[in-house]
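What's in model-v2.txt: compact mmCIF, N, CA and C atoms and all ligand atoms
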```txt
# COMPACT_ATOMS: atom_id res chain seq x y z
N MET W 1 -2.80 22.61 -6.93
CA MET W 1 -1.94 22.08 -5.87
C MET W 1 -0.64 21.55 -6.48
N LYS W 2 0.47 21.89 -5.85
CA LYS W 2 1.76 21.46 -6.37
C LYS W 2 1.89 19.95 -6.24
N GLN W 3 2.33 19.32 -7.31
CA GLN W 3 2.59 17.88 -7.24
C GLN W 3 3.83 17.65 -6.39
N PRO W 4 3.80 16.70 -5.49
CA PRO W 4 5.00 16.43 -4.71
C PRO W 4 6.08 15.80 -5.59
N ASP W 5 7.32 15.94 -5.16
CA ASP W 5 8.40 15.22 -5.84
C ASP W 5 8.46 13.83 -5.24
N TYR W 6 8.46 12.85 -6.09
CA TYR W 6 8.47 11.48 -5.60
C TYR W 6 9.89 10.93 -5.60
N ALA W 7 10.29 10.39 -4.47
CA ALA W 7 11.61 9.78 -4.37
C ALA W 7 11.52 8.30 -4.77
N ALA W 8 12.61 7.80 -5.33
CA ALA W 8 12.66 6.38 -5.69
C ALA W 8 12.61 5.54 -4.43
N PRO W 9 12.03 4.32 -4.53
CA PRO W 9 11.99 3.47 -3.34
C PRO W 9 13.39 3.03 -2.94
N ASP W 10 13.60 2.89 -1.64
CA ASP W 10 14.87 2.35 -1.15
C ASP W 10 14.90 0.85 -1.49
N PRO W 11 15.90 0.40 -2.26
CA PRO W 11 15.92 -1.00 -2.72
C PRO W 11 15.89 -2.01 -1.56
N ALA W 12 16.59 -1.68 -0.47
CA ALA W 12 16.63 -2.61 0.67
C ALA W 12 15.25 -2.71 1.33
N ALA W 13 14.55 -1.57 1.41
CA ALA W 13 13.21 -1.57 2.02
C ALA W 13 12.24 -2.35 1.14
N LEU W 14 12.39 -2.21 -0.19
CA LEU W 14 11.53 -2.96 -1.11
C LEU W 14 11.81 -4.46 -0.96
N GLU W 15 13.07 -4.84 -0.90
CA GLU W 15 13.44 -6.25 -0.72
C GLU W 15 12.83 -6.81 0.56
N ALA W 16 12.87 -6.00 1.63
CA ALA W 16 12.32 -6.44 2.92
C ALA W 16 10.83 -6.71 2.81
N LEU W 17 10.12 -5.85 2.07
CA LEU W 17 8.68 -6.06 1.88
C LEU W 17 8.42 -7.32 1.07
N LEU W 18 9.24 -7.53 0.03
CA LEU W 18 9.06 -8.72 -0.83
C LEU W 18 9.32 -9.99 -0.02
N ALA W 19 10.22 -9.90 0.95
CA ALA W 19 10.52 -11.06 1.79
C ALA W 19 9.41 -11.32 2.81
N LYS W 20 8.56 -10.31 3.02
CA LYS W 20 7.50 -10.41 4.05
C LYS W 20 6.12 -10.70 3.49
N GLY W 21 6.04 -10.95 2.17
CA GLY W 21 4.72 -11.30 1.64
C GLY W 21 4.19 -10.40 0.54
N TRP W 22 4.87 -9.29 0.28
CA TRP W 22 4.48 -8.47 -0.86
C TRP W 22 5.08 -9.09 -2.12
N ALA W 23 4.46 -8.83 -3.26
CA ALA W 23 4.96 -9.35 -4.53
C ALA W 23 4.90 -8.25 -5.58
N LEU W 24 5.80 -8.32 -6.55
CA LEU W 24 5.74 -7.38 -7.67
C LEU W 24 4.60 -7.80 -8.59
N VAL W 25 3.88 -6.83 -9.11
CA VAL W 25 2.81 -7.13 -10.06
C VAL W 25 3.42 -7.27 -11.45
N PRO W 26 3.17 -8.38 -12.15
CA PRO W 26 3.74 -8.55 -13.48
C PRO W 26 3.29 -7.44 -14.44
N GLU W 27 4.22 -6.96 -15.21
CA GLU W 27 3.97 -5.96 -16.26
C GLU W 27 3.44 -4.63 -15.74
N ARG W 28 3.73 -4.34 -14.49
CA ARG W 28 3.33 -3.08 -13.88
C ARG W 28 4.34 -2.74 -12.82
N GLU W 29 4.61 -1.48 -12.61
CA GLU W 29 5.45 -1.11 -11.48
C GLU W 29 4.57 -0.92 -10.26
N ALA W 30 4.30 -2.01 -9.58
CA ALA W 30 3.39 -1.98 -8.43
C ALA W 30 3.71 -3.17 -7.53
N ILE W 31 3.29 -3.06 -6.28
CA ILE W 31 3.44 -4.19 -5.35
C ILE W 31 2.06 -4.56 -4.83
N THR W 32 1.89 -5.84 -4.51
CA THR W 32 0.58 -6.32 -4.08
C THR W 32 0.72 -7.33 -2.95
N ARG W 33 -0.30 -7.36 -2.11
CA ARG W 33 -0.36 -8.44 -1.12
C ARG W 33 -1.80 -8.63 -0.68
N SER W 34 -2.05 -9.78 -0.05
CA SER W 34 -3.37 -10.09 0.46
C SER W 34 -3.27 -10.23 1.98
N TYR W 35 -4.21 -9.63 2.71
CA TYR W 35 -4.29 -9.80 4.16
C TYR W 35 -5.52 -10.65 4.46
N ARG W 36 -5.40 -11.53 5.42
CA ARG W 36 -6.55 -12.31 5.87
C ARG W 36 -6.76 -12.03 7.36
N PHE W 37 -7.95 -11.59 7.70
CA PHE W 37 -8.28 -11.26 9.09
C PHE W 37 -9.22 -12.31 9.66
N ALA W 38 -9.52 -12.17 10.95
CA ALA W 38 -10.37 -13.16 11.62
C ALA W 38 -11.79 -13.14 11.05
N ASP W 39 -12.26 -11.95 10.74
CA ASP W 39 -13.63 -11.83 10.24
C ASP W 39 -13.80 -10.49 9.51
N PHE W 40 -14.99 -10.21 9.07
CA PHE W 40 -15.28 -8.99 8.30
C PHE W 40 -15.01 -7.73 9.12
N ALA W 41 -15.40 -7.75 10.40
CA ALA W 41 -15.23 -6.56 11.24
C ALA W 41 -13.74 -6.20 11.37
N GLU W 42 -12.90 -7.22 11.53
CA GLU W 42 -11.45 -6.97 11.63
C GLU W 42 -10.92 -6.40 10.32
N ALA W 43 -11.40 -6.93 9.21
CA ALA W 43 -10.96 -6.43 7.89
C ALA W 43 -11.37 -4.97 7.72
N MET W 44 -12.60 -4.64 8.13
CA MET W 44 -13.08 -3.25 8.03
C MET W 44 -12.29 -2.33 8.95
N GLY W 45 -11.97 -2.80 10.13
CA GLY W 45 -11.18 -2.00 11.07
C GLY W 45 -9.83 -1.67 10.47
N PHE W 46 -9.21 -2.68 9.86
CA PHE W 46 -7.92 -2.47 9.19
C PHE W 46 -8.06 -1.44 8.08
N MET W 47 -9.10 -1.57 7.26
CA MET W 47 -9.26 -0.65 6.13
C MET W 47 -9.48 0.78 6.60
N MET W 48 -10.23 0.95 7.68
CA MET W 48 -10.45 2.31 8.20
C MET W 48 -9.14 2.92 8.70
N ARG W 49 -8.38 2.13 9.44
CA ARG W 49 -7.10 2.65 9.96
C ARG W 49 -6.13 2.95 8.82
N ALA W 50 -6.08 2.05 7.85
CA ALA W 50 -5.18 2.26 6.70
C ALA W 50 -5.64 3.46 5.88
N ALA W 51 -6.95 3.67 5.78
CA ALA W 51 -7.48 4.81 5.01
C ALA W 51 -7.04 6.13 5.66
N ILE W 52 -7.02 6.16 6.97
CA ILE W 52 -6.59 7.39 7.68
C ILE W 52 -5.12 7.67 7.37
N TRP W 53 -4.30 6.62 7.35
CA TRP W 53 -2.89 6.80 6.98
C TRP W 53 -2.75 7.25 5.53
N ALA W 54 -3.56 6.66 4.66
CA ALA W 54 -3.50 7.01 3.23
C ALA W 54 -3.82 8.49 3.04
N GLU W 55 -4.81 8.98 3.76
CA GLU W 55 -5.16 10.40 3.68
C GLU W 55 -4.03 11.27 4.20
N LYS W 56 -3.47 10.85 5.33
CA LYS W 56 -2.39 11.61 5.95
C LYS W 56 -1.19 11.72 5.00
N LEU W 57 -0.90 10.62 4.31
CA LEU W 57 0.24 10.59 3.38
C LEU W 57 -0.13 11.16 2.02
N ASN W 58 -1.40 11.42 1.80
CA ASN W 58 -1.93 11.76 0.47
C ASN W 58 -1.46 10.74 -0.56
N HIS W 59 -1.60 9.48 -0.18
CA HIS W 59 -1.17 8.38 -1.05
C HIS W 59 -2.16 7.24 -0.85
N HIS W 60 -2.82 6.83 -1.93
CA HIS W 60 -4.01 6.01 -1.79
C HIS W 60 -3.86 4.64 -2.46
N PRO W 61 -4.33 3.63 -1.78
CA PRO W 61 -4.18 2.27 -2.32
C PRO W 61 -5.25 1.92 -3.35
N GLU W 62 -4.94 0.95 -4.18
CA GLU W 62 -5.95 0.24 -4.95
C GLU W 62 -6.24 -0.98 -4.09
N TRP W 63 -7.48 -1.19 -3.70
CA TRP W 63 -7.76 -2.31 -2.80
C TRP W 63 -9.18 -2.80 -2.94
N SER W 64 -9.39 -4.03 -2.46
CA SER W 64 -10.74 -4.58 -2.44
C SER W 64 -10.88 -5.50 -1.23
N ASN W 65 -12.10 -5.71 -0.84
CA ASN W 65 -12.39 -6.56 0.32
C ASN W 65 -13.40 -7.63 -0.07
N THR W 66 -13.14 -8.85 0.38
CA THR W 66 -14.13 -9.91 0.31
C THR W 66 -14.15 -10.59 1.68
N TYR W 67 -15.22 -10.36 2.44
CA TYR W 67 -15.37 -10.90 3.79
C TYR W 67 -14.15 -10.60 4.67
N HIS W 68 -13.29 -11.61 4.92
CA HIS W 68 -12.18 -11.34 5.85
C HIS W 68 -10.87 -11.08 5.12
N ARG W 69 -10.93 -10.95 3.81
CA ARG W 69 -9.72 -10.70 3.04
C ARG W 69 -9.68 -9.27 2.50
N VAL W 70 -8.48 -8.71 2.48
CA VAL W 70 -8.27 -7.41 1.85
C VAL W 70 -7.10 -7.57 0.88
N GLU W 71 -7.35 -7.27 -0.38
CA GLU W 71 -6.32 -7.32 -1.42
C GLU W 71 -5.84 -5.89 -1.67
N VAL W 72 -4.54 -5.70 -1.61
CA VAL W 72 -3.99 -4.35 -1.75
C VAL W 72 -2.97 -4.31 -2.89
N THR W 73 -3.05 -3.29 -3.73
CA THR W 73 -2.00 -3.00 -4.71
C THR W 73 -1.57 -1.55 -4.51
N LEU W 74 -0.26 -1.36 -4.44
CA LEU W 74 0.29 -0.02 -4.24
C LEU W 74 1.16 0.37 -5.43
N THR W 75 0.92 1.58 -5.91
CA THR W 75 1.76 2.16 -6.95
C THR W 75 1.57 3.67 -6.87
N THR W 76 2.44 4.41 -7.51
CA THR W 76 2.31 5.88 -7.50
C THR W 76 1.80 6.31 -8.87
N HIS W 77 0.52 6.64 -8.91
CA HIS W 77 -0.15 6.89 -10.19
C HIS W 77 0.51 8.05 -10.95
N ALA W 78 0.94 9.07 -10.23
CA ALA W 78 1.50 10.27 -10.86
C ALA W 78 2.74 9.95 -11.71
N ILE W 79 3.46 8.90 -11.36
CA ILE W 79 4.67 8.55 -12.11
C ILE W 79 4.56 7.17 -12.75
N ALA W 80 3.38 6.54 -12.62
CA ALA W 80 3.18 5.18 -13.13
C ALA W 80 4.33 4.27 -12.70
N GLY W 81 4.68 4.37 -11.44
CA GLY W 81 5.79 3.57 -10.93
C GLY W 81 5.80 3.55 -9.41
N LEU W 82 6.82 2.92 -8.87
CA LEU W 82 6.94 2.83 -7.41
C LEU W 82 7.72 4.01 -6.86
N SER W 83 7.28 4.51 -5.72
CA SER W 83 8.01 5.58 -5.03
C SER W 83 8.16 5.20 -3.56
N ASP W 84 8.86 6.06 -2.84
CA ASP W 84 9.05 5.81 -1.41
C ASP W 84 7.72 5.81 -0.65
N LEU W 85 6.70 6.50 -1.20
CA LEU W 85 5.40 6.52 -0.52
C LEU W 85 4.73 5.14 -0.54
N ASP W 86 4.97 4.37 -1.61
CA ASP W 86 4.43 3.00 -1.66
C ASP W 86 5.06 2.14 -0.57
N ILE W 87 6.36 2.33 -0.39
CA ILE W 87 7.08 1.59 0.65
C ILE W 87 6.54 1.96 2.03
N LEU W 88 6.40 3.27 2.25
CA LEU W 88 5.93 3.78 3.53
C LEU W 88 4.53 3.25 3.84
N LEU W 89 3.63 3.34 2.86
CA LEU W 89 2.26 2.88 3.08
C LEU W 89 2.21 1.36 3.30
N ALA W 90 3.02 0.62 2.55
CA ALA W 90 3.08 -0.84 2.73
C ALA W 90 3.55 -1.18 4.14
N GLU W 91 4.57 -0.48 4.61
CA GLU W 91 5.08 -0.75 5.97
C GLU W 91 4.03 -0.41 7.02
N ARG W 92 3.33 0.69 6.83
CA ARG W 92 2.26 1.09 7.78
C ARG W 92 1.16 0.04 7.79
N MET W 93 0.78 -0.42 6.61
CA MET W 93 -0.31 -1.41 6.52
C MET W 93 0.08 -2.71 7.20
N ASP W 94 1.31 -3.15 6.97
CA ASP W 94 1.78 -4.39 7.63
C ASP W 94 1.72 -4.22 9.14
N ARG W 95 2.16 -3.06 9.62
CA ARG W 95 2.16 -2.82 11.06
C ARG W 95 0.72 -2.85 11.60
N LEU W 96 -0.18 -2.21 10.87
CA LEU W 96 -1.60 -2.21 11.30
C LEU W 96 -2.18 -3.63 11.32
N ALA W 97 -1.70 -4.45 10.40
CA ALA W 97 -2.21 -5.83 10.31
C ALA W 97 -1.46 -6.77 11.26
N GLY W 98 -0.52 -6.22 12.00
CA GLY W 98 0.23 -7.04 12.97
C GLY W 98 1.28 -7.93 12.33
N ILE W 99 1.78 -7.49 11.15
CA ILE W 99 2.81 -8.26 10.44
C ILE W 99 4.17 -7.61 10.63
C1 LIG W 101 -3.00 15.75 -6.10
C2 LIG W 101 -2.66 14.55 -5.24
O1 LIG W 101 -1.43 14.78 -4.58
C3 LIG W 101 -2.54 13.31 -6.07
O2 LIG W 101 -3.69 13.09 -6.83
C4 LIG W 101 -2.18 12.09 -5.25
C5 LIG W 101 -3.32 11.48 -4.47
N1 LIG W 101 -3.06 10.08 -4.12
C6 LIG W 101 -2.24 9.33 -4.85
N2 LIG W 101 -2.11 8.03 -4.60
C7 LIG W 101 -1.34 7.25 -5.34
N3 LIG W 101 -1.24 5.94 -5.05
N4 LIG W 101 -0.63 7.75 -6.36
C8 LIG W 101 -0.67 9.05 -6.70
O3 LIG W 101 0.00 9.47 -7.64
C9 LIG W 101 -1.50 9.89 -5.91
N5 LIG W 101 -1.56 11.17 -6.15
```

Mind turning the file's structure into structure tokens?
Amino acid sequence: MKQPDYAAPDPAALEALLAKGWALVPEREAITRSYRFADFAEAMGFMMRAAIWAEKLNHHPEWSNTYHRVEVTLTTHAIAGLSDLDILLAERMDRLAGI
């Protein structure tokens, strides 16, 4: 399968995410945030919806769940850095989480 060409993230879009609760991961080109939901079922619902988007974009998160929390880290493994797909997935996830 042909590797897609990855575009650099739009700096303004990245800044907007950082202003909304995302943070840069130290010593890595990645962004991270934590979501807190009402309960486990809400957290699972979010993960299922986000997983469908991840498949659609062919871009997959590093994430974990503990009860009502979901910790997400986004990076583009193919380039060991950030791409526009990380921005797109972060924006989709925030929208799904009602942020
Ligand atoms: C072949 C396929 O396009 C790649 O393995 C995709 C799948 N999902 C991916 N997800 C992420 N986050 N980074 C990647 O580089 C990546 N590559």

All helix (DSSP H, G or I) positions in chain W, as a ChimeraX atom specification = /W:11-19,40-57,77-79,84-96

Using all atoms listed in the file, determine which residues lie at most 6 Å from Ile31 of chain W, disregarding the query and same-chain residues fewer than 4 positions distant; provide the list as number ranges by chain.
-> W: 23-25, 72-75

Using only C-alpha atoms and all ligand atoms, what are the residues with an atom within 10 Å of ligand LIG 101 (chain W), set out as JSON, numbers by chain?
-> {"W": [1, 2, 3, 4, 5, 6, 30, 54, 55, 57, 58, 59, 60, 61, 62, 73, 74, 75, 76, 77, 78, 79, 80, 81, 82, 83, 85, 86, 89]}

Quote the spacing between atom CA of Leu14 of chain W and atom CA of Ile87 of chain W in Å to one decimal place.
-> 6.6 Å

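Taking atom N of Ala50 of chain W and atom N of Met93 of chain W as the two end points, the separation is 7.4 Å.
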